[in-house]
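Comments concern the structure below.
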Amino acid sequence: MPMVKILLEALLAFGGLYLLLIAGVALGQRGMIYHPDPTRADPVEAGVPEMVPVPLKAEDGWPVSGWYAPPRSAAKPTVVFFHGNSGTVGTRAFKARALLDAGYGVFLVEYRGYGGNPGRPSEKGLYADGRAVIRWLVGRGIAASRLVLYGESLGSGVVMEMTRLIEPMMVVLECPFTALPDLAPPFVLPVLARAFMLDHFDNLSKMAGLTAPLLVVHGDQDEVVPVAMGHALLKAADTIKDGVFLPTAHHGDLWDHGAGEHVLDFIRRRMD
């Protein structure tokens with residue numbers, strides 16, 4: 001009996017510590033997900049002088065911004081780029097440079113809390129930011145069917161939500177995840193992750209409704225978002241789709257391993 005008592009006390013102590021650990025993760029979860037950089041970048045300094053800053057306001061009143069340059073001709077689509085959970089539009093200017101050089105229009109979206117914008121990022125907030133940008137572009141006479149939605153990592157979650165709002169010309173997902181709770185630390189049970197996480201960005205559940213051509217680009221060595229998630233999303237999509245899985249690429253270096261060429265080729269082929 002004393003041994004049983006000791007085991008029960010040990011289990012209770014372990015359970016208590018585990019619950020405290022889970023509580024700590026739950027309380028600090030958004031700090032773990034979003035790493036906003038408050039730096040307000042400049043298009044000229046970033047190497048895209050033709051892009052102009054665009055100040056907007058989401059439906060909940062919070063400012064959202066971005067950089068925009070129109071396509072060279074009406075025959076070219078506009079790429080709406082939603083970046084990942086850190087950095088700013090300035091750190092993605094090199095991707096915009098390649099797209100602009102190909103003649104495409106580009107809108108680099110800057111979320112609330114990032115790039116000098118006030119506010120704090122959240123799933124609901126980023127969706128509102130995305131809708132504000134889409135409304136602005138459509139209001140300028142750019143049809144939704146001429147928009148290529150490009151989501152990088154966390155931005156893939158915003159893109160997939162936008163596909164429920166419009167039918168874009170194409171969708172490009174770079175190192176996308178199935179759902180945010182699937183990326184919870186290993187010690188967090190999946191059922192707990194889905195229960196306590198405030199933001200889900202459930203990309204996998206939205207794949208069945210996707211009608212636009214899809215490109216998934218992922219690095220086989222991705223240490224942040226397992227490449228298996230990219231494969232799962234591609235498999236779930238019931239549309240025209242391509243997958244590019246780069247053997248030596250990690251999470252943030254896909255363009256160093258040729259992802260840009262694959263993206264440009266995909267857009268070019270699907271325009272024909």
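So you can find residues: chains in the structure tokens are A, B, ... in the order shown, residues in each start at 1, and ligands are numbered from 1 in order.
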
Item to complete: Excluding A:Val44 and residues on its chain fewer than 5 positions from it, collect all residues at most 12 Å away from it, counting only C-alpha atoms, and give them as a list in words.
Response: Pro49, Glu50, Met51, Val52, Pro53, Trp67, Gly90, Ala93 and Arg97 of chain A

Keeping only N, CA, C and O atoms, write the selected residues to a file as a PDB file, in the first residue's frame.
```
ATOM      1  N   PRO A  49      11.462  49.994 -56.236  1.00  0.00           N
ATOM      2  CA  PRO A  49      11.060  51.402 -56.233  1.00  0.00           C
ATOM      3  C   PRO A  49       9.730  51.674 -56.923  1.00  0.00           C
ATOM      4  O   PRO A  49       9.105  52.706 -56.662  1.00  0.00           O
ATOM      5  N   GLU A  50       9.292  50.768 -57.810  1.00  0.00           N
ATOM      6  CA  GLU A  50       8.022  50.986 -58.491  1.00  0.00           C
ATOM      7  C   GLU A  50       6.810  50.688 -57.611  1.00  0.00           C
ATOM      8  O   GLU A  50       5.676  51.032 -57.957  1.00  0.00           O
ATOM      9  N   MET A  51       7.045  50.050 -56.465  1.00  0.00           N
ATOM     10  CA  MET A  51       5.941  49.748 -55.563  1.00  0.00           C
ATOM     11  C   MET A  51       5.655  50.946 -54.655  1.00  0.00           C
ATOM     12  O   MET A  51       6.574  51.647 -54.228  1.00  0.00           O
ATOM     13  N   VAL A  52       4.378  51.174 -54.382  1.00  0.00           N
ATOM     14  CA  VAL A  52       3.985  52.302 -53.542  1.00  0.00           C
ATOM     15  C   VAL A  52       3.275  51.798 -52.294  1.00  0.00           C
ATOM     16  O   VAL A  52       2.511  50.834 -52.356  1.00  0.00           O
ATOM     17  N   PRO A  53       3.521  52.421 -51.137  1.00  0.00           N
ATOM     18  CA  PRO A  53       2.809  52.034 -49.914  1.00  0.00           C
ATOM     19  C   PRO A  53       1.317  52.336 -50.036  1.00  0.00           C
ATOM     20  O   PRO A  53       0.925  53.380 -50.565  1.00  0.00           O
ATOM     21  N   TRP A  67       2.499  47.117 -49.996  1.00  0.00           N
ATOM     22  CA  TRP A  67       3.119  47.761 -51.156  1.00  0.00           C
ATOM     23  C   TRP A  67       2.474  47.210 -52.408  1.00  0.00           C
ATOM     24  O   TRP A  67       2.221  46.010 -52.511  1.00  0.00           O
ATOM     25  N   GLY A  90       9.276  44.200 -46.358  1.00  0.00           N
ATOM     26  CA  GLY A  90      10.604  44.531 -46.861  1.00  0.00           C
ATOM     27  C   GLY A  90      11.497  43.325 -47.007  1.00  0.00           C
ATOM     28  O   GLY A  90      12.325  43.237 -47.926  1.00  0.00           O
ATOM     29  N   ALA A  93      10.788  41.535 -50.302  1.00  0.00           N
ATOM     30  CA  ALA A  93      10.868  42.345 -51.518  1.00  0.00           C
ATOM     31  C   ALA A  93      11.587  41.607 -52.645  1.00  0.00           C
ATOM     32  O   ALA A  93      11.289  41.830 -53.821  1.00  0.00           O
ATOM     33  N   ARG A  97      10.390  41.333 -56.404  1.00  0.00           N
ATOM     34  CA  ARG A  97      11.248  41.770 -57.506  1.00  0.00           C
ATOM     35  C   ARG A  97      11.160  40.789 -58.678  1.00  0.00           C
ATOM     36  O   ARG A  97      11.042  41.194 -59.842  1.00  0.00           O
TER      37      ARG A  97
END
```

Discussion item. From a backbone DSSP assignment, name each residue in stretch 23-245 of chain A labelled helix (DSSP H, G or I), as a VMD selection string.
Written reply: chain A and resid 23 to 27 29 to 33 43 to 46 89 to 101 123 to 139 144 to 146 154 to 162 180 to 183 190 to 196 203 to 209 227 to 236

Item to complete: Give me the residues within 9 Å of stretch 214-227 of chain A as JSON, numbers by chain, counting only C-alpha atoms and dropping any in the same chain fewer than 5 places off.
Response: {"A": [153, 170, 171, 172, 173, 174, 175, 176, 177, 183, 232, 233, 234, 237, 239, 240, 241, 242, 243, 244, 245, 246, 247, 248, 249, 250, 251, 252, 253, 254, 257, 259, 262, 263, 266]}

Worksheet item: Could you pull the residues within 9 Å of A:Pro168, counting only C-alpha atoms, minus those fewer than 5 positions along the same chain, as a ChimeraX atom specification?
Response: /A:143-149,162-163,211-213

Export of the given selection (N, CA and C atoms) as an mmCIF file, in the first residue's frame:
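Once written, part31.cif looks like this:
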```cif
data_model
loop_
_atom_site.group_PDB
_atom_site.id
_atom_site.type_symbol
_atom_site.label_atom_id
_atom_site.label_comp_id
_atom_site.auth_asym_id
_atom_site.auth_seq_id
_atom_site.Cartn_x
_atom_site.Cartn_y
_atom_site.Cartn_z
ATOM 1 N N ALA A 143 -10.296 42.131 -61.371
ATOM 2 C CA ALA A 143 -11.221 41.032 -61.096
ATOM 3 C C ALA A 143 -10.558 39.978 -60.215
ATOM 4 N N ALA A 144 -11.354 39.358 -59.358
ATOM 5 C CA ALA A 144 -10.825 38.297 -58.501
ATOM 6 C C ALA A 144 -10.200 37.182 -59.329
ATOM 7 N N SER A 145 -10.741 36.967 -60.506
ATOM 8 C CA SER A 145 -10.231 35.912 -61.382
ATOM 9 C C SER A 145 -8.868 36.257 -61.974
ATOM 10 N N ARG A 146 -8.368 37.472 -61.710
ATOM 11 C CA ARG A 146 -7.036 37.882 -62.173
ATOM 12 C C ARG A 146 -6.045 37.971 -61.013
ATOM 13 N N LEU A 147 -6.439 37.425 -59.862
ATOM 14 C CA LEU A 147 -5.577 37.463 -58.683
ATOM 15 C C LEU A 147 -4.952 36.098 -58.427
ATOM 16 N N VAL A 148 -3.660 36.099 -58.172
ATOM 17 C CA VAL A 148 -2.943 34.903 -57.719
ATOM 18 C C VAL A 148 -2.687 35.090 -56.233
ATOM 19 N N LEU A 149 -3.242 34.238 -55.411
ATOM 20 C CA LEU A 149 -3.053 34.325 -53.966
ATOM 21 C C LEU A 149 -1.850 33.473 -53.561
ATOM 22 N N MET A 162 -9.118 33.274 -47.739
ATOM 23 C CA MET A 162 -9.532 34.163 -48.818
ATOM 24 C C MET A 162 -10.159 33.398 -49.978
ATOM 25 N N THR A 163 -9.783 32.131 -50.143
ATOM 26 C CA THR A 163 -10.393 31.337 -51.222
ATOM 27 C C THR A 163 -11.856 31.024 -50.936
ATOM 28 N N THR A 211 -11.139 25.468 -55.822
ATOM 29 C CA THR A 211 -11.361 25.209 -57.242
ATOM 30 C C THR A 211 -10.236 25.748 -58.118
ATOM 31 N N ALA A 212 -9.465 26.687 -57.609
ATOM 32 C CA ALA A 212 -8.392 27.287 -58.395
ATOM 33 C C ALA A 212 -7.206 26.334 -58.517
ATOM 34 N N PRO A 213 -6.448 26.429 -59.593
ATOM 35 C CA PRO A 213 -5.204 25.648 -59.697
ATOM 36 C C PRO A 213 -4.291 25.933 -58.508
#
```

Worksheet item: From the list A:Gly47, A:Met169, A:Leu180, A:Arg164, which residue is nearest A:Ala208 when using only C-alpha atoms?
Response: A:Arg164

Fill in: Distance of atom CA of A:Val109 from atom CA of A:Val89, expressed in Å to one decimal place
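If I compute the distance from atom CA of A:Val89 to atom CA of A:Val109, I get 6.9 Å.
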
Worksheet item: Rounded to one decimal in Å, what is the spacing between atom CA of A:Asp202 and atom CA of A:Gly230?
Response: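 Computing the Euclidean distance for atom CA of A:Asp202 and atom CA of A:Gly230 yields 13.2 Å.
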
Worksheet item: Between A:Gly31, A:Ser73, A:Val80, A:Asp199, which one has atoms that come closest to A:Arg135, using only C-alpha atoms?
Response: A:Val80

Worksheet item: Skipping near chain neighbours, those fewer than 4 positions away, what residues fall within 7 Å of A:Met160 using only C-alpha atoms, listed as a PyMOL selection string?
Response: chain A and resi 156+203+206

Fill in: Near-A:Thr78 list (6 Å; only C-alpha atoms; drop same-chain fewer than 6 positions) as number ranges by chain
A: 104-106, 147

Discussion item. Using DSSP assignments from the backbone, pull out every residue in stretch 49-93 of chain A that falls under strand (DSSP E or B) and give it to me as a ChimeraX atom specification.
Written reply: /A:52-57,63-69,78-82,86-87

Export of prior selection with C-alpha atoms as a CSV table (one decimal), in the first residue's frame:
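Saved the output as again01.csv:
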```
chain,number,residue,atom,x,y,z
A,52,VAL,CA,4.0,52.3,-53.5
A,53,PRO,CA,2.8,52.0,-49.9
A,54,VAL,CA,-1.0,51.6,-49.6
A,55,PRO,CA,-2.6,52.4,-46.3
A,56,LEU,CA,-5.9,50.6,-45.7
A,57,LYS,CA,-8.3,49.9,-42.9
A,63,PRO,CA,-5.0,49.7,-40.1
A,64,VAL,CA,-3.5,47.3,-42.6
A,65,SER,CA,-1.0,48.3,-45.3
A,66,GLY,CA,1.1,47.0,-48.1
A,67,TRP,CA,3.1,47.8,-51.2
A,68,TYR,CA,1.6,47.7,-54.6
A,69,ALA,CA,2.6,47.8,-58.2
A,78,THR,CA,-1.7,40.4,-59.9
A,79,VAL,CA,0.0,38.3,-57.1
A,80,VAL,CA,-1.3,39.0,-53.6
A,81,PHE,CA,1.5,37.9,-51.3
A,82,PHE,CA,0.8,37.1,-47.6
A,86,SER,CA,8.0,37.1,-38.8
A,87,GLY,CA,9.7,39.9,-40.7
```

Discussion item. Could you tell me how far atom CA of A:Ala228 sits from atom CA of A:Glu167, in Å to one decimal place?
Written reply: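 Taking atom CA of A:Glu167 and atom CA of A:Ala228, their separation equals 26.5 Å.
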
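Distances from A:Leu264, A:Leu210, A:Val159, A:Leu192 to A:Lys95 were compared using only C-alpha atoms, and the smallest one belongs to A:Leu264.
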